[in-house]
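Asker: There's a structure below that I have some questions on.
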Amino acid sequence: MIEMAQFEHIIMLKQDLSSSDLEETLKMHEQTLDELEGKMIYKESWGLRSLAYPIKENKKAFYEFMNIELPQNKIDDLNSKLNLNENIIRYLSIKVNNFCETPTAMFKEKDSK
């Protein structure tokens, strides 16, 4: 049996994506996880947020937070595929022992506005 590692995973997507392009990119990301024998446990959309500094000419980005399980040896493959996606401007995957409490503080903040 493959040992699964847990990751808190955030991807930032271009500000000028249409809602259908955003959905398509997220669907492709989920398919990539499936191909790599991983699975998404939880997902939150933090929406369009301002960036502290421009990234690839973007002043804002759509933030997507996920709790994912993925074989430890597949994280480099996932990162390689994320680097090839032109709609994703940044990503961060942090290995954790246990997932954080959900919904996250960022999601609660978004809902309270």
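Within each chain, counting starts at residue 1; across the structure tokens, chains are named A, B, ... in the order shown, with ligands numbered 1 upward in that order.
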Could you give me, as an mmCIF file with N, CA and C atoms, in the first residue's frame, the residues within 9 Å of A:Asn85, counting only C-alpha atoms and dropping anything in the same chain fewer than 4 positions from it?
Answerer:
```cif
data_model
loop_
_atom_site.group_PDB
_atom_site.id
_atom_site.type_symbol
_atom_site.label_atom_id
_atom_site.label_comp_id
_atom_site.auth_asym_id
_atom_site.auth_seq_id
_atom_site.Cartn_x
_atom_site.Cartn_y
_atom_site.Cartn_z
ATOM 1 N N THR A 25 -9.682 25.217 -15.140
ATOM 2 C CA THR A 25 -8.337 25.060 -14.586
ATOM 3 C C THR A 25 -8.378 24.237 -13.300
ATOM 4 N N LYS A 81 3.899 19.821 -13.006
ATOM 5 C CA LYS A 81 2.683 20.066 -13.788
ATOM 6 C C LYS A 81 2.120 21.462 -13.493
ATOM 7 N N ILE A 89 -0.234 31.293 -11.253
ATOM 8 C CA ILE A 89 0.919 32.185 -11.137
ATOM 9 C C ILE A 89 1.809 31.836 -9.940
#
```
Asker: Report as JSON lines: every residue of stretch 64-84 of chain A with an atom at most 10 Å from stretch 26-33 of chain A, its closest pair of atoms, and their distance in Å to one decimal, counting only C-alpha atoms, with rows sorted by chain and ascending residue number.
Answerer:
```
{"residue": "A:Glu64", "atom": "CA", "partner": "A:Leu26", "partner_atom": "CA", "distance": 8.8}
{"residue": "A:Ile68", "atom": "CA", "partner": "A:Leu33", "partner_atom": "CA", "distance": 8.5}
{"residue": "A:Glu69", "atom": "CA", "partner": "A:Leu33", "partner_atom": "CA", "distance": 8.8}
{"residue": "A:Leu70", "atom": "CA", "partner": "A:Leu33", "partner_atom": "CA", "distance": 7.6}
{"residue": "A:Lys74", "atom": "CA", "partner": "A:Leu33", "partner_atom": "CA", "distance": 9.4}
{"residue": "A:Ile75", "atom": "CA", "partner": "A:Leu33", "partner_atom": "CA", "distance": 9.8}
{"residue": "A:Asp77", "atom": "CA", "partner": "A:Thr32", "partner_atom": "CA", "distance": 9.6}
{"residue": "A:Leu78", "atom": "CA", "partner": "A:Thr32", "partner_atom": "CA", "distance": 7.5}
{"residue": "A:Lys81", "atom": "CA", "partner": "A:Thr32", "partner_atom": "CA", "distance": 7.9}
{"residue": "A:Leu82", "atom": "CA", "partner": "A:His29", "partner_atom": "CA", "distance": 8.2}
```
Asker: Using the selection just defined, write its residues with N, CA and C atoms as a JSON list (two decimals), in the first residue's frame.
Answerer:
```
[["chain", "number", "residue", "atom", "x", "y", "z"],
["A", 64, "GLU", "N", -7.12, 29.63, -4.18],
["A", 64, "GLU", "CA", -7.82, 28.37, -3.92],
["A", 64, "GLU", "C", -7.03, 27.58, -2.90],
["A", 68, "ILE", "N", -5.03, 18.15, 0.53],
["A", 68, "ILE", "CA", -4.88, 17.03, -0.40],
["A", 68, "ILE", "C", -4.05, 15.91, 0.24],
["A", 69, "GLU", "N", -4.31, 14.70, -0.21],
["A", 69, "GLU", "CA", -3.48, 13.55, 0.13],
["A", 69, "GLU", "C", -2.83, 13.09, -1.16],
["A", 70, "LEU", "N", -1.53, 12.85, -1.08],
["A", 70, "LEU", "CA", -0.75, 12.51, -2.26],
["A", 70, "LEU", "C", 0.43, 11.65, -1.81],
["A", 74, "LYS", "N", 5.24, 11.77, -5.16],
["A", 74, "LYS", "CA", 4.57, 12.38, -6.32],
["A", 74, "LYS", "C", 4.51, 13.91, -6.24],
["A", 75, "ILE", "N", 4.96, 14.50, -5.12],
["A", 75, "ILE", "CA", 4.83, 15.96, -4.97],
["A", 75, "ILE", "C", 5.66, 16.71, -6.01],
["A", 77, "ASP", "N", 6.26, 15.67, -9.04],
["A", 77, "ASP", "CA", 5.50, 15.57, -10.30],
["A", 77, "ASP", "C", 4.39, 16.60, -10.33],
["A", 78, "LEU", "N", 3.70, 16.78, -9.20],
["A", 78, "LEU", "CA", 2.62, 17.77, -9.12],
["A", 78, "LEU", "C", 3.19, 19.17, -9.35],
["A", 81, "LYS", "N", 3.90, 19.82, -13.01],
["A", 81, "LYS", "CA", 2.68, 20.07, -13.79],
["A", 81, "LYS", "C", 2.12, 21.46, -13.49],
["A", 82, "LEU", "N", 2.21, 21.90, -12.25],
["A", 82, "LEU", "CA", 1.74, 23.24, -11.90],
["A", 82, "LEU", "C", 2.58, 24.31, -12.59]]
```
Asker: Within 9 Å of A:Asp16, counting only C-alpha atoms, which residues show up once you throw out same-chain ones fewer than 4 positions away? Write them as a tab-separated table (two decimals) with C-alpha atoms, in the first residue's frame, please.
Answerer:
```tsv
chain	number	residue	atom	x	y	z
A	58	ASN	CA	-0.98	40.47	-12.05
A	60	LYS	CA	-4.68	40.43	-7.98
A	61	ALA	CA	-5.15	36.67	-8.00
```
Asker: Could you check which of A:Glu35, A:Glu44, A:Glu8, A:Glu23 is closest to A:Pro103, using only C-alpha atoms?
Answerer: A:Glu44
Asker: So which residues of chain A fall under alpha helix (DSSP H) by DSSP, listed as a VMD selection string?
Answerer: chain A and resid 19 to 35 75 to 84 105 to 112
Asker: Would you save the residues of that selection, restricted to N, CA and C atoms, as an mmCIF file, in the first residue's frame?
Answerer:
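Listing of again_17.cif after writing:
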```cif
data_model
loop_
_atom_site.group_PDB
_atom_site.id
_atom_site.type_symbol
_atom_site.label_atom_id
_atom_site.label_comp_id
_atom_site.auth_asym_id
_atom_site.auth_seq_id
_atom_site.Cartn_x
_atom_site.Cartn_y
_atom_site.Cartn_z
ATOM 1 N N SER A 19 -14.988 33.006 -15.305
ATOM 2 C CA SER A 19 -15.421 31.978 -14.349
ATOM 3 C C SER A 19 -15.334 30.586 -14.966
ATOM 4 N N SER A 20 -15.613 30.455 -16.266
ATOM 5 C CA SER A 20 -15.518 29.133 -16.902
ATOM 6 C C SER A 20 -14.057 28.686 -17.019
ATOM 7 N N ASP A 21 -13.135 29.624 -17.311
ATOM 8 C CA ASP A 21 -11.710 29.279 -17.370
ATOM 9 C C ASP A 21 -11.191 28.879 -15.988
ATOM 10 N N LEU A 22 -11.665 29.569 -14.962
ATOM 11 C CA LEU A 22 -11.271 29.256 -13.595
ATOM 12 C C LEU A 22 -11.739 27.846 -13.221
ATOM 13 N N GLU A 23 -13.001 27.544 -13.510
ATOM 14 C CA GLU A 23 -13.543 26.210 -13.228
ATOM 15 C C GLU A 23 -12.794 25.133 -13.998
ATOM 16 N N GLU A 24 -12.490 25.395 -15.262
ATOM 17 C CA GLU A 24 -11.781 24.424 -16.102
ATOM 18 C C GLU A 24 -10.372 24.163 -15.557
ATOM 19 N N THR A 25 -9.682 25.217 -15.140
ATOM 20 C CA THR A 25 -8.337 25.060 -14.586
ATOM 21 C C THR A 25 -8.378 24.237 -13.300
ATOM 22 N N LEU A 26 -9.369 24.501 -12.445
ATOM 23 C CA LEU A 26 -9.492 23.740 -11.192
ATOM 24 C C LEU A 26 -9.851 22.286 -11.461
ATOM 25 N N LYS A 27 -10.694 22.054 -12.476
ATOM 26 C CA LYS A 27 -11.056 20.678 -12.843
ATOM 27 C C LYS A 27 -9.822 19.930 -13.363
ATOM 28 N N MET A 28 -8.998 20.609 -14.167
ATOM 29 C CA MET A 28 -7.769 19.995 -14.674
ATOM 30 C C MET A 28 -6.815 19.683 -13.517
ATOM 31 N N HIS A 29 -6.795 20.553 -12.521
ATOM 32 C CA HIS A 29 -5.934 20.328 -11.352
ATOM 33 C C HIS A 29 -6.397 19.088 -10.581
ATOM 34 N N GLU A 30 -7.697 18.933 -10.424
ATOM 35 C CA GLU A 30 -8.229 17.743 -9.753
ATOM 36 C C GLU A 30 -7.897 16.479 -10.544
ATOM 37 N N GLN A 31 -7.971 16.551 -11.882
ATOM 38 C CA GLN A 31 -7.621 15.403 -12.721
ATOM 39 C C GLN A 31 -6.142 15.055 -12.559
ATOM 40 N N THR A 32 -5.302 16.086 -12.458
ATOM 41 C CA THR A 32 -3.868 15.859 -12.247
ATOM 42 C C THR A 32 -3.642 15.130 -10.931
ATOM 43 N N LEU A 33 -4.349 15.557 -9.878
ATOM 44 C CA LEU A 33 -4.235 14.867 -8.590
ATOM 45 C C LEU A 33 -4.637 13.404 -8.721
ATOM 46 N N ASP A 34 -5.736 13.133 -9.438
ATOM 47 C CA ASP A 34 -6.188 11.752 -9.649
ATOM 48 C C ASP A 34 -5.124 10.932 -10.383
ATOM 49 N N GLU A 35 -4.539 11.526 -11.429
ATOM 50 C CA GLU A 35 -3.505 10.829 -12.203
ATOM 51 C C GLU A 35 -2.298 10.476 -11.345
ATOM 52 N N ILE A 75 4.955 14.503 -5.117
ATOM 53 C CA ILE A 75 4.829 15.958 -4.974
ATOM 54 C C ILE A 75 5.665 16.706 -6.013
ATOM 55 N N ASP A 76 6.829 16.182 -6.366
ATOM 56 C CA ASP A 76 7.643 16.831 -7.393
ATOM 57 C C ASP A 76 6.953 16.783 -8.755
ATOM 58 N N ASP A 77 6.262 15.674 -9.043
ATOM 59 C CA ASP A 77 5.505 15.571 -10.299
ATOM 60 C C ASP A 77 4.385 16.602 -10.332
ATOM 61 N N LEU A 78 3.699 16.776 -9.195
ATOM 62 C CA LEU A 78 2.622 17.765 -9.119
ATOM 63 C C LEU A 78 3.187 19.165 -9.347
ATOM 64 N N ASN A 79 4.293 19.478 -8.707
ATOM 65 C CA ASN A 79 4.906 20.801 -8.873
ATOM 66 C C ASN A 79 5.314 21.046 -10.325
ATOM 67 N N SER A 80 5.828 20.030 -10.988
ATOM 68 C CA SER A 80 6.216 20.167 -12.401
ATOM 69 C C SER A 80 5.008 20.496 -13.265
ATOM 70 N N LYS A 81 3.899 19.821 -13.006
ATOM 71 C CA LYS A 81 2.683 20.066 -13.788
ATOM 72 C C LYS A 81 2.120 21.462 -13.493
ATOM 73 N N LEU A 82 2.211 21.900 -12.249
ATOM 74 C CA LEU A 82 1.741 23.244 -11.904
ATOM 75 C C LEU A 82 2.578 24.312 -12.594
ATOM 76 N N ASN A 83 3.885 24.069 -12.712
ATOM 77 C CA ASN A 83 4.768 25.017 -13.397
ATOM 78 C C ASN A 83 4.402 25.179 -14.864
ATOM 79 N N LEU A 84 3.825 24.146 -15.479
ATOM 80 C CA LEU A 84 3.474 24.195 -16.897
ATOM 81 C C LEU A 84 2.143 24.892 -17.164
ATOM 82 N N ALA A 105 -9.601 30.557 8.579
ATOM 83 C CA ALA A 105 -9.832 31.949 8.968
ATOM 84 C C ALA A 105 -10.011 32.834 7.736
ATOM 85 N N MET A 106 -9.273 32.569 6.661
ATOM 86 C CA MET A 106 -9.402 33.356 5.433
ATOM 87 C C MET A 106 -10.805 33.223 4.847
ATOM 88 N N PHE A 107 -11.353 32.027 4.891
ATOM 89 C CA PHE A 107 -12.690 31.784 4.349
ATOM 90 C C PHE A 107 -13.736 32.462 5.225
ATOM 91 N N LYS A 108 -13.575 32.400 6.537
ATOM 92 C CA LYS A 108 -14.515 33.058 7.455
ATOM 93 C C LYS A 108 -14.479 34.570 7.258
ATOM 94 N N GLU A 109 -13.262 35.116 7.034
ATOM 95 C CA GLU A 109 -13.106 36.551 6.799
ATOM 96 C C GLU A 109 -13.824 36.967 5.521
ATOM 97 N N LYS A 110 -13.706 36.147 4.479
ATOM 98 C CA LYS A 110 -14.355 36.434 3.197
ATOM 99 C C LYS A 110 -15.870 36.441 3.364
ATOM 100 N N ASP A 111 -16.400 35.491 4.130
ATOM 101 C CA ASP A 111 -17.840 35.400 4.345
ATOM 102 C C ASP A 111 -18.396 36.545 5.179
ATOM 103 N N SER A 112 -17.587 37.100 6.069
ATOM 104 C CA SER A 112 -18.081 38.148 6.964
ATOM 105 C C SER A 112 -18.179 39.506 6.280
#
```
Asker: Just checking: using only C-alpha atoms, which residue out of A:Asn73, A:Asn87, A:Ile10, A:Gln15 ends up closest to A:Ser45?
Answerer: A:Ile10
Asker: Taking into account only C-alpha atoms, which residue in the set A:Ser18, A:Gln6, A:Asn67, A:Ser50 is nearest to A:Glu101?
Answerer: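 Of A:Ser18, A:Gln6, A:Asn67, A:Ser50, the one nearest A:Glu101, counting only C-alpha atoms, is A:Asn67.
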Asker: Hey, which of A:Tyr63, A:Tyr42, A:Phe99, A:Tyr53 ends up closest to A:Lys14? Count only C-alpha atoms.
Answerer: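 Looking only at the distances to A:Lys14, the closest residue turns out to be A:Tyr63.
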Asker: Using only C-alpha atoms, which residue out of A:Met4, A:Leu36, A:Met66, A:Leu13 lies closest to A:Leu48?
Answerer: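 With only C-alpha atoms as the atom set, the closest residue is A:Leu13.
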Asker: Ranking A:Ile41, A:Ile11, A:Val96, A:Ala5 by minimum distance to A:Phe62 and counting only C-alpha atoms, which one comes first?
Answerer: A:Ile11
